[in-house]
Amino acid sequence: MTNDWATLEPVLWLSVLQTAYMVFWTMLLAGALGLLLGVALHTTRPGGLYAHRGVFGVLNVLVNIVRPIPFIIFITAVGPLTLIVMGTTIGTRSVLFPMVAMATFFIGRIVEQNLVSVDPAVVEAARAMGASRFRIVWSVLVPEALAPLVLGYTFVFVAVVDMSAMAGYVGGGGLGDFAISYGYQQFDWPVTLLTVAIIVVVVQCAQLLGNTLARRVLHR
């Protein structure tokens with residue numbers, strides 16, 4: 001069965017907007033929360049600026065529990081919590097909660113790993129100059145790791161686009177839902193391929209932008 005393009009075009013554009021909505025808000029909210037989580041993981045680990053075995057242990061366990069869970073399973077697992085927070089478990093807006101939650105833990109680990117790579121001598125030099133721990137974190141640690149952080153966030157962007165596609169399985173809309181409903185289920189392979197092409201273009205543009213920004217940070 002072949003779909004009528006005149007009917008599909010407005011649905012496609014709506015799906016693109018829904019995907020953009022999910023990705024934008026997830027990157028904005030999870031980007032900020034994940035940065036804070038990653039900084040907390042790094043600074044509370046043994047030998048960190050705010051070393052605290054208990055806090056680090058709890059945060060580390062939480063990240064290790066959430067990260068391996070396939071997103072499609074995670075969406076259903078946090079359904080009751082999504083209902084409490086968002087008031088519904090169906091629709092584009094409702095998918096934001098599980099997407100932001102999953103991406104936050106994902107970003108947190110990436111931020112921590114990049115902060116660990118910062119030369120300890122730089123931190124020690126800042127401490128010797130009398131800089132406060134808070135200032136060291138935001139004026140030394142994060143800026144020193146900025147280039148790899150840009151690449152890390154670019155990698156997360158690709159993962160978030162993937163999450164938005166899977167959101168179609170639970171009524172989240174977006175390009176994933178479009179490809180399934182109008183491509184796969186209708187045996188209209190050109191529609192499926194068109195969706196794949198759009199996602200590939202978006203990801204390639206994001207990767208190019210991320211690489212460019214990382215290079216500029218390194219040579220600033």
# chains A, B, ... in the order shown; residues from 1 in each chain; ligands from 1
call {"tool": "closest_atom_pairs", "arguments": {"of": "region 18-38 of chain A", "to": "region 61-84 of chain A", "cutoff": "12 Å", "atoms": "only C-alpha atoms", "output": "tab-separated table"}}
result
residue	atom	partner	partner_atom	distance
A:Gly34	CA	A:Val63	CA	10.7
A:Leu37	CA	A:Val63	CA	9.5
A:Gly38	CA	A:Val63	CA	10.1
call {"tool": "select_by_dssp", "arguments": {"residues": "region 42-91 of chain A", "states": "helix (DSSP H, G or I)", "output": "number ranges by chain"}}
result
A: 42-44, 53-66, 71-77, 79-86
call {"tool": "atom_distance", "arguments": {"atom1": "CA of Ala179 (chain A)", "atom2": "CA of Thr195 (chain A)"}}
result
6.1 Å
call {"tool": "residues_around", "arguments": {"residues": "Ala197 (chain A)", "least_positions_apart": "6", "cutoff": "12 Å", "atoms": "only C-alpha atoms", "output": "ChimeraX atom specification"}}
result
/A:175,179,190-191,203-204
call {"tool": "residues_around", "arguments": {"residues": "Met163 (chain A)", "least_positions_apart": "4", "cutoff": "9 Å", "atoms": "only C-alpha atoms", "output": "list of chain:residue names"}}
result
A:Val23, A:Phe71, A:Ile72, A:Met99, A:Val158, A:Ala159, A:Ala167
call {"tool": "closest_residue", "arguments": {"among": "A:Ala145, A:Phe187, A:Gly168, A:Arg53", "to": "Asn114 (chain A)", "atoms": "only C-alpha atoms"}}
result
A:Ala145
call {"tool": "closest_residue", "arguments": {"among": "A:Pro10, A:Pro148, A:Gly91, A:Gly31", "to": "Leu213 (chain A)", "atoms": "only C-alpha atoms"}}
result
A:Pro148
call {"tool": "residues_around", "arguments": {"residues": "Tyr21 (chain A)", "least_positions_apart": "2", "cutoff": "12 Å", "atoms": "only C-alpha atoms", "output": "VMD selection string"}}
result
chain A and resid 14 to 19 23 to 28 91 to 96 99 160 to 161 164 172 to 175
